[in-house]
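The next block holds one structure in the form of structure tokens; read it before the comments.
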Amino acid sequence: MPTIFGRCIIFCNPARNRKDFPSDRLQTMIRAASGLPAEPVEVLSVVPWVMSPKVARRYRIDRTFLVGDAAARLSPAGGMGLNTGLQSAHNLAWKLACVINGQAGDSLLDTYQEERRDAALWAMENTNRNANEIFSVVASAMENNWDKVRDLIAQSRRRGAGLGQDLGIAYSRGALLPDGSEPMPVDDPINDYKPSARPGSRAPHLWIERHGRKISTLDLLGTQFVFLTGKDCSPAELEKSASAAGACPIVFLQNGRDFAADGFEELYGIFSGGAVLVRPDGYVGARWTEPSPNFTEQFQSAFALILRNTLQRK
Ligand SMILES: Cc1cc2nc3c(=O)[nH]c(=O)nc-3n(C[C@H](O)[C@H](O)[C@H](O)COP(=O)(O)OP(=O)(O)OC[C@H]3O[C@@H](n4cnc5c(N)ncnc54)[C@H](O)[C@@H]3O)c2cc1C
């Protein structure tokens, strides 16, 4: 049998400490839990750990920013701790770059907390609920009440994190311009995810064709602002005015001209003359469902608002 490295989490009474778990006792417990009673077990390290979910009150103090577990330490039930930390780092990175490069106002950095703290509180609420479900299952198993264990597991749809929790995290405020639309209703916000390009949502995936290759809309995003337009919205005028404004670089891409995608307008909730401005972290900053006569000014003021940049309008 090959050597298997693993981590075994043993729930114990808070009154117990490391001395209550000598190696031979742990070996017996691991053999029993693994279903491999005859295999030799070597204990490499033992780390006592107390679950203590917490979200920081402030994510920014002047030039100091909290990310990762320093900002939000979550219950591991659901596997959301590192995910939440990475999402926050992703959220902060482009904002820092824009401010350091003189492309955005300093208050753009305040939107980091506005967006990410609410998301972390929601993740904490869900992962705490997951943890409580697991504790109930463990407690019932320790009482040998297997009917109750089966019932509790059957009632739990979550068993960790779902697509809604992973992809559906949306911001209601921050570096974005709401378009007055309501969020997509879902039965279960943790498990269910309905793709939406409502400002504050993650720009949805759609297979598209570009330069003869099949790629995802997500492959267009990630390094700078991207302006995606429907088939009948020509971005030529905007391209000129955006380069004249001299803020963050923007890539302008029109369906039918720069990429080909059936169902793009429908998925992104726009008419063929509409457009969506996507931020470097892949979140929608603004959306225009249809063209208006003063579209260029609207675009410039939306961009200035997102970047908290008064210079833009000069
Ligand atoms: C049992 C368990 C299971 C988990 N499972 C998952 C999962 O499935 N999915 C998931 O997404 N997340 C999971 N997590 C959460 C995930 O591990 C954390 O969210 C993630 O590691 C946090 O990363 P971080 O860089 O913010 O902090 P850390 O990983 O804690 O890194 C901080 C580093 O800073 C060092 N450090 C501390 N103080 C100092 C100092 N004064 N000077 C220098 N260095 C210092 C520490 O030694 C450490 O190396 C789990 C956590 C636990 C405990």
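Residues in the structure tokens are numbered from 1 in each chain, the chains being A, B, ... in the order shown, and ligands are numbered from 1 in the order shown.
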task: Please extract the residues at most 9 Å from ligand 1, counting only C-alpha atoms and all ligand atoms, and provide them as a list in words, using the chain letters and residue numbers of this document.
output: Arg7, Ile9, Trp49, Val50, Met51, Leu66, Val67, Gly68, Asp69, Ala70, Ala71, Ala72, Arg73, Leu74, Ser75, Pro76, Ala77, Gly78, Gly79, Met80, Gly81, Leu82, Asn83, Thr84, Gly85 and Leu86 of chain A
With C-alpha atoms retained, write the just-selected residues as a JSON list (two decimals), in the first residue's frame.
```
[["chain", "number", "residue", "atom", "x", "y", "z"],
["A", 7, "ARG", "CA", -5.23, 15.44, 7.90],
["A", 9, "ILE", "CA", -9.81, 16.65, 12.37],
["A", 49, "TRP", "CA", -7.26, 24.56, 17.03],
["A", 50, "VAL", "CA", -10.32, 26.40, 18.30],
["A", 51, "MET", "CA", -12.88, 27.51, 15.76],
["A", 66, "LEU", "CA", -6.67, 43.73, 6.05],
["A", 67, "VAL", "CA", -7.05, 40.74, 3.71],
["A", 68, "GLY", "CA", -7.36, 36.99, 4.13],
["A", 69, "ASP", "CA", -7.96, 35.58, 7.60],
["A", 70, "ALA", "CA", -6.81, 38.88, 9.10],
["A", 71, "ALA", "CA", -10.00, 40.43, 7.70],
["A", 72, "ALA", "CA", -12.39, 37.47, 7.95],
["A", 73, "ARG", "CA", -11.68, 34.23, 9.75],
["A", 74, "LEU", "CA", -14.43, 31.78, 8.92],
["A", 75, "SER", "CA", -15.50, 28.34, 10.04],
["A", 76, "PRO", "CA", -13.86, 25.83, 7.66],
["A", 77, "ALA", "CA", -17.22, 24.09, 7.17],
["A", 78, "GLY", "CA", -17.90, 24.97, 3.58],
["A", 79, "GLY", "CA", -14.36, 25.62, 2.42],
["A", 80, "MET", "CA", -14.91, 29.36, 2.13],
["A", 81, "GLY", "CA", -12.01, 30.81, 4.17],
["A", 82, "LEU", "CA", -9.32, 30.93, 1.52],
["A", 83, "ASN", "CA", -11.92, 31.53, -1.19],
["A", 84, "THR", "CA", -13.19, 34.60, 0.65],
["A", 85, "GLY", "CA", -9.63, 35.81, 1.27],
["A", 86, "LEU", "CA", -8.69, 35.43, -2.39]]
```
- request: Name the residues of range 100-279 of chain A that fall into alpha helix (DSSP H) according to DSSP on the backbone, using the chain letters and numbers of this document, as a VMD selection string.
  value: chain A and resid 100 110 to 142 146 to 155 163 to 167 236 to 245 264 to 268
Non-local contacts of Ile4 in chain A (12 Å; only C-alpha atoms; under 6 positions in same chain excluded) as an mmCIF file with all heavy atoms, in the first residue's frame:
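Generated file (result_26.cif):
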```cif
data_model
loop_
_atom_site.group_PDB
_atom_site.id
_atom_site.type_symbol
_atom_site.label_atom_id
_atom_site.label_comp_id
_atom_site.auth_asym_id
_atom_site.auth_seq_id
_atom_site.Cartn_x
_atom_site.Cartn_y
_atom_site.Cartn_z
ATOM 1 N N SER A 34 -10.510 5.762 9.461
ATOM 2 C CA SER A 34 -10.145 5.546 8.054
ATOM 3 C C SER A 34 -10.712 4.254 7.501
ATOM 4 O O SER A 34 -10.721 4.049 6.280
ATOM 5 C CB SER A 34 -8.616 5.531 7.905
ATOM 6 O OG SER A 34 -8.097 4.412 8.604
ATOM 7 N N LEU A 36 -9.231 1.489 7.865
ATOM 8 C CA LEU A 36 -8.042 0.672 7.527
ATOM 9 C C LEU A 36 -7.370 0.255 8.846
ATOM 10 O O LEU A 36 -6.282 0.718 9.187
ATOM 11 C CB LEU A 36 -7.053 1.497 6.673
ATOM 12 C CG LEU A 36 -7.584 2.018 5.328
ATOM 13 C CD1 LEU A 36 -6.642 3.056 4.729
ATOM 14 C CD2 LEU A 36 -7.769 0.848 4.351
ATOM 15 N N GLU A 39 -3.568 -0.888 8.987
ATOM 16 C CA GLU A 39 -2.465 -0.112 8.398
ATOM 17 C C GLU A 39 -1.677 0.625 9.480
ATOM 18 O O GLU A 39 -2.261 1.174 10.424
ATOM 19 C CB GLU A 39 -3.018 0.920 7.405
ATOM 20 C CG GLU A 39 -3.572 0.327 6.137
ATOM 21 C CD GLU A 39 -2.558 -0.529 5.398
ATOM 22 O OE1 GLU A 39 -1.388 -0.115 5.305
ATOM 23 O OE2 GLU A 39 -2.941 -1.628 4.942
ATOM 24 N N PRO A 40 -0.354 0.672 9.345
ATOM 25 C CA PRO A 40 0.424 1.448 10.325
ATOM 26 C C PRO A 40 0.184 2.946 10.133
ATOM 27 O O PRO A 40 0.038 3.410 8.998
ATOM 28 C CB PRO A 40 1.875 1.080 9.989
ATOM 29 C CG PRO A 40 1.855 0.542 8.603
ATOM 30 C CD PRO A 40 0.470 0.022 8.336
ATOM 31 N N VAL A 41 0.098 3.674 11.209
ATOM 32 C CA VAL A 41 -0.146 5.125 11.145
ATOM 33 C C VAL A 41 0.982 5.838 11.883
ATOM 34 O O VAL A 41 1.352 5.452 12.991
ATOM 35 C CB VAL A 41 -1.499 5.483 11.823
ATOM 36 C CG1 VAL A 41 -1.668 6.988 11.936
ATOM 37 C CG2 VAL A 41 -2.664 4.871 11.046
ATOM 38 N N GLU A 42 1.518 6.870 11.255
ATOM 39 C CA GLU A 42 2.524 7.692 11.930
ATOM 40 C C GLU A 42 1.944 9.095 12.096
ATOM 41 O O GLU A 42 1.464 9.697 11.128
ATOM 42 C CB GLU A 42 3.795 7.762 11.061
ATOM 43 C CG GLU A 42 4.942 8.465 11.761
ATOM 44 C CD GLU A 42 6.147 8.636 10.840
ATOM 45 O OE1 GLU A 42 6.170 8.040 9.734
ATOM 46 O OE2 GLU A 42 7.058 9.383 11.212
ATOM 47 N N VAL A 43 1.963 9.627 13.288
ATOM 48 C CA VAL A 43 1.436 10.978 13.524
ATOM 49 C C VAL A 43 2.592 11.965 13.361
ATOM 50 O O VAL A 43 3.588 11.907 14.086
ATOM 51 C CB VAL A 43 0.818 11.089 14.936
ATOM 52 C CG1 VAL A 43 0.354 12.514 15.207
ATOM 53 C CG2 VAL A 43 -0.350 10.107 15.070
#
```
message: I need the residues of range 206-261 of chain A that end up classed as strand (DSSP E) by DSSP on the backbone, written out as a count of residues only.
response: 18
Contact check, range 67-182 of chain A to range 289-306 of chain A, at most 10 Å, counting only C-alpha atoms, closest pairs as a Markdown table:
```
| residue | atom | partner | partner_atom | distance |
| --- | --- | --- | --- | --- |
| A:Gln103 | CA | A:Ala304 | CA | 9.8 |
| A:Ala104 | CA | A:Ala304 | CA | 8.2 |
| A:Gly105 | CA | A:Ala304 | CA | 9.2 |
| A:Leu108 | CA | A:Ile306 | CA | 7.5 |
| A:Thr111 | CA | A:Ile306 | CA | 9.4 |
| A:Gly174 | CA | A:Ile306 | CA | 7.9 |
| A:Ala175 | CA | A:Ile306 | CA | 4.5 |
| A:Leu176 | CA | A:Ile306 | CA | 5.3 |
| A:Leu177 | CA | A:Ala302 | CA | 6.5 |
| A:Pro178 | CA | A:Ala302 | CA | 9.9 |
| A:Asp179 | CA | A:Thr289 | CA | 8.7 |
```
Output all heavy atoms of each residue in that selection to a file, as a tab-separated table (two decimals), in the first residue's frame.
```
chain	number	residue	atom	x	y	z
A	103	GLN	N	-4.73	56.84	-11.50
A	103	GLN	CA	-5.88	56.76	-12.40
A	103	GLN	C	-7.20	56.85	-11.65
A	103	GLN	O	-8.26	56.96	-12.28
A	103	GLN	CB	-5.83	55.42	-13.17
A	103	GLN	CG	-4.63	55.34	-14.09
A	103	GLN	CD	-4.27	53.90	-14.44
A	103	GLN	OE1	-4.52	52.99	-13.66
A	103	GLN	NE2	-3.68	53.72	-15.60
A	104	ALA	N	-7.13	56.78	-10.33
A	104	ALA	CA	-8.37	56.79	-9.53
A	104	ALA	C	-8.15	57.59	-8.27
A	104	ALA	O	-7.02	57.77	-7.81
A	104	ALA	CB	-8.77	55.36	-9.18
A	105	GLY	N	-9.28	58.08	-7.70
A	105	GLY	CA	-9.20	58.81	-6.45
A	105	GLY	C	-8.98	57.86	-5.28
A	105	GLY	O	-9.36	56.68	-5.35
A	108	LEU	N	-11.55	55.35	-3.84
A	108	LEU	CA	-11.85	54.05	-4.46
A	108	LEU	C	-11.48	52.93	-3.48
A	108	LEU	O	-12.14	51.89	-3.42
A	108	LEU	CB	-11.07	53.88	-5.77
A	108	LEU	CG	-11.21	52.51	-6.45
A	108	LEU	CD1	-12.65	52.25	-6.90
A	108	LEU	CD2	-10.26	52.39	-7.65
A	111	THR	N	-14.05	51.56	-1.11
A	111	THR	CA	-15.07	50.63	-1.62
A	111	THR	C	-14.66	49.17	-1.38
A	111	THR	O	-15.49	48.28	-1.48
A	111	THR	CB	-15.33	50.83	-3.14
A	111	THR	OG1	-14.16	50.45	-3.87
A	111	THR	CG2	-15.71	52.27	-3.46
A	174	GLY	N	-20.62	50.28	-3.66
A	174	GLY	CA	-19.17	50.24	-3.87
A	174	GLY	C	-18.79	50.90	-5.18
A	174	GLY	O	-19.40	51.90	-5.58
A	175	ALA	N	-17.83	50.33	-5.86
A	175	ALA	CA	-17.33	50.91	-7.10
A	175	ALA	C	-18.20	50.45	-8.26
A	175	ALA	O	-17.78	49.65	-9.10
A	175	ALA	CB	-15.87	50.51	-7.32
A	176	LEU	N	-19.41	50.92	-8.26
A	176	LEU	CA	-20.37	50.49	-9.28
A	176	LEU	C	-21.49	51.52	-9.38
A	176	LEU	O	-21.70	52.32	-8.48
A	176	LEU	CB	-20.95	49.11	-8.92
A	176	LEU	CG	-21.59	48.99	-7.54
A	176	LEU	CD1	-23.11	49.11	-7.61
A	176	LEU	CD2	-21.23	47.63	-6.94
A	177	LEU	N	-22.19	51.46	-10.50
A	177	LEU	CA	-23.32	52.35	-10.74
A	177	LEU	C	-24.57	51.49	-10.90
A	177	LEU	O	-24.74	50.83	-11.93
A	177	LEU	CB	-23.07	53.15	-12.03
A	177	LEU	CG	-24.18	54.10	-12.46
A	177	LEU	CD1	-24.30	55.27	-11.50
A	177	LEU	CD2	-23.89	54.61	-13.87
A	178	PRO	N	-25.45	51.46	-9.87
A	178	PRO	CA	-26.65	50.62	-9.99
A	178	PRO	C	-27.49	51.07	-11.19
A	178	PRO	O	-27.51	52.26	-11.53
A	178	PRO	CB	-27.40	50.88	-8.68
A	178	PRO	CG	-26.39	51.44	-7.75
A	178	PRO	CD	-25.40	52.18	-8.59
A	179	ASP	N	-28.15	50.12	-11.84
A	179	ASP	CA	-28.97	50.50	-13.01
A	179	ASP	C	-30.46	50.41	-12.71
A	179	ASP	O	-31.29	50.45	-13.62
A	179	ASP	CB	-28.60	49.65	-14.24
A	179	ASP	CG	-28.98	48.17	-14.07
A	179	ASP	OD1	-29.43	47.78	-12.97
A	179	ASP	OD2	-28.83	47.43	-15.04
```
task: Rank nothing, just name the residue among A:Ala260, A:Leu221, A:Val186, A:Ala197 nearest to Arg287 in chain A, using only C-alpha atoms.
output: A:Ala197
- request: Fewer than 6 positions away in the same chain doesn't count, so skip those; otherwise give me all residues within 12 Å of Lys194 in chain A, counting only C-alpha atoms, as a count of residues only.
  value: 21
field: Using only C-alpha atoms: which of A:Leu228, A:Cys8, A:Ile190, A:Ala120 has the shortest distance to Arg57 in chain A
entry: A:Ala120
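For Asp219 in chain A, the list of residues within 10 Å, based on only C-alpha atoms and with local chain neighbours fewer than 3 positions off taken out, reads His205, Leu206, Trp207, Ile208, Ile215, Ser216, Gly222 and Gly282 of chain A.
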Would you save the residues from that selection as a PDB file, in the first residue's frame, using N, CA and C atoms?
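Result saved to part_8.pdb:
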```
ATOM      1  N   HIS A 205     -20.267  33.886 -17.460  1.00  0.00           N
ATOM      2  CA  HIS A 205     -19.579  33.121 -18.516  1.00  0.00           C
ATOM      3  C   HIS A 205     -20.523  32.868 -19.691  1.00  0.00           C
ATOM      4  N   LEU A 206     -19.987  32.974 -20.889  1.00  0.00           N
ATOM      5  CA  LEU A 206     -20.708  32.547 -22.105  1.00  0.00           C
ATOM      6  C   LEU A 206     -19.650  32.132 -23.118  1.00  0.00           C
ATOM      7  N   TRP A 207     -19.876  31.015 -23.793  1.00  0.00           N
ATOM      8  CA  TRP A 207     -18.928  30.631 -24.843  1.00  0.00           C
ATOM      9  C   TRP A 207     -19.060  31.602 -26.001  1.00  0.00           C
ATOM     10  N   ILE A 208     -17.938  32.111 -26.484  1.00  0.00           N
ATOM     11  CA  ILE A 208     -17.943  33.049 -27.609  1.00  0.00           C
ATOM     12  C   ILE A 208     -16.846  32.633 -28.587  1.00  0.00           C
ATOM     13  N   ILE A 215     -13.699  30.666 -26.891  1.00  0.00           N
ATOM     14  CA  ILE A 215     -13.226  31.022 -25.543  1.00  0.00           C
ATOM     15  C   ILE A 215     -14.435  31.432 -24.699  1.00  0.00           C
ATOM     16  N   SER A 216     -14.182  31.748 -23.455  1.00  0.00           N
ATOM     17  CA  SER A 216     -15.259  32.209 -22.573  1.00  0.00           C
ATOM     18  C   SER A 216     -15.226  33.738 -22.505  1.00  0.00           C
ATOM     19  N   GLY A 222     -10.041  40.530 -16.719  1.00  0.00           N
ATOM     20  CA  GLY A 222      -9.033  40.179 -15.719  1.00  0.00           C
ATOM     21  C   GLY A 222      -7.852  41.111 -15.610  1.00  0.00           C
ATOM     22  N   GLY A 282     -13.533  41.439 -12.913  1.00  0.00           N
ATOM     23  CA  GLY A 282     -14.590  40.637 -13.532  1.00  0.00           C
ATOM     24  C   GLY A 282     -15.984  40.972 -13.028  1.00  0.00           C
TER      25      GLY A 282
END
```
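CA of Met29 in chain A sits 12.3 Å away from CA of Cys12 in chain A.
The protein and nucleic acid residues lying at most 10 Å from Glu133 in chain A are Ala77, Thr127, Asn128, Arg129, Val137, Val138, Ala139, Leu152, Ile153, Gln155, Ser156, Arg158 and Arg159 of chain A, with only C-alpha atoms considered and sequence neighbours fewer than 4 positions away removed.
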Given the selection you just returned, output its residues as a file containing N, CA, C and O atoms, formatted as a compact mmCIF listing (two decimals), in the first residue's frame.
```
# COMPACT_ATOMS: atom_id res chain seq x y z
N ALA A 77 -16.13 24.92 7.71
CA ALA A 77 -17.22 24.09 7.17
C ALA A 77 -17.84 24.79 5.96
O ALA A 77 -18.62 25.70 6.09
N THR A 127 -21.27 29.72 6.73
CA THR A 127 -20.34 28.69 7.18
C THR A 127 -20.58 28.36 8.66
O THR A 127 -20.38 27.23 9.09
N ASN A 128 -21.06 29.33 9.45
CA ASN A 128 -21.44 29.02 10.84
C ASN A 128 -22.61 28.03 10.85
O ASN A 128 -22.66 27.10 11.65
N ARG A 129 -23.55 28.26 9.93
CA ARG A 129 -24.70 27.36 9.86
C ARG A 129 -24.23 25.95 9.47
O ARG A 129 -24.66 24.96 10.05
N VAL A 137 -24.58 16.62 13.73
CA VAL A 137 -24.38 15.26 13.22
C VAL A 137 -23.39 14.52 14.11
O VAL A 137 -23.63 13.37 14.53
N VAL A 138 -22.27 15.20 14.45
CA VAL A 138 -21.24 14.56 15.28
C VAL A 138 -21.82 14.20 16.65
O VAL A 138 -21.63 13.09 17.16
N ALA A 139 -22.59 15.15 17.24
CA ALA A 139 -23.15 14.90 18.58
C ALA A 139 -24.09 13.69 18.54
O ALA A 139 -24.05 12.83 19.43
N LEU A 152 -30.54 14.21 9.87
CA LEU A 152 -29.83 15.50 9.79
C LEU A 152 -29.10 15.63 8.46
O LEU A 152 -29.12 16.70 7.83
N ILE A 153 -28.47 14.56 8.01
CA ILE A 153 -27.75 14.62 6.73
C ILE A 153 -28.74 14.80 5.58
O ILE A 153 -28.50 15.59 4.66
N GLN A 155 -31.58 16.30 5.68
CA GLN A 155 -32.14 17.66 5.68
C GLN A 155 -31.14 18.69 5.17
O GLN A 155 -31.51 19.78 4.77
N SER A 156 -29.86 18.36 5.25
CA SER A 156 -28.85 19.35 4.89
C SER A 156 -28.61 19.32 3.40
O SER A 156 -28.07 18.37 2.86
N ARG A 158 -26.82 21.65 2.07
CA ARG A 158 -25.62 22.43 1.81
C ARG A 158 -24.38 21.57 1.77
O ARG A 158 -23.67 21.54 0.78
N ARG A 159 -24.09 20.89 2.86
CA ARG A 159 -22.90 20.05 2.92
C ARG A 159 -21.66 20.79 2.40
O ARG A 159 -20.85 20.27 1.68
```
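Between Phe264 in chain A and the residues A:Ser172, A:Gly230, A:Val251, A:Ser196, the shortest atom-to-atom distance, using only C-alpha atoms, involves A:Gly230.
When only C-alpha atoms are used to compute distances to Ser107 in chain A, the closest of the residues A:Lys148, A:His90, A:Lys19, A:Arg60 turns out to be A:Arg60.
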field: One-decimal distance in Å that lies between CA of Asp281 in chain A and CA of Leu92 in chain A
entry: 8.9 Å
task: Choose the residue, out of A:Arg213, A:Arg18, A:Arg173, A:Arg31, that has the smallest atom-to-atom separation from Glu115 in chain A; count only C-alpha atoms.
output: A:Arg173
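Between CA of Ala56 in chain A and CA of Arg117 in chain A lies a distance of 8.1 Å.
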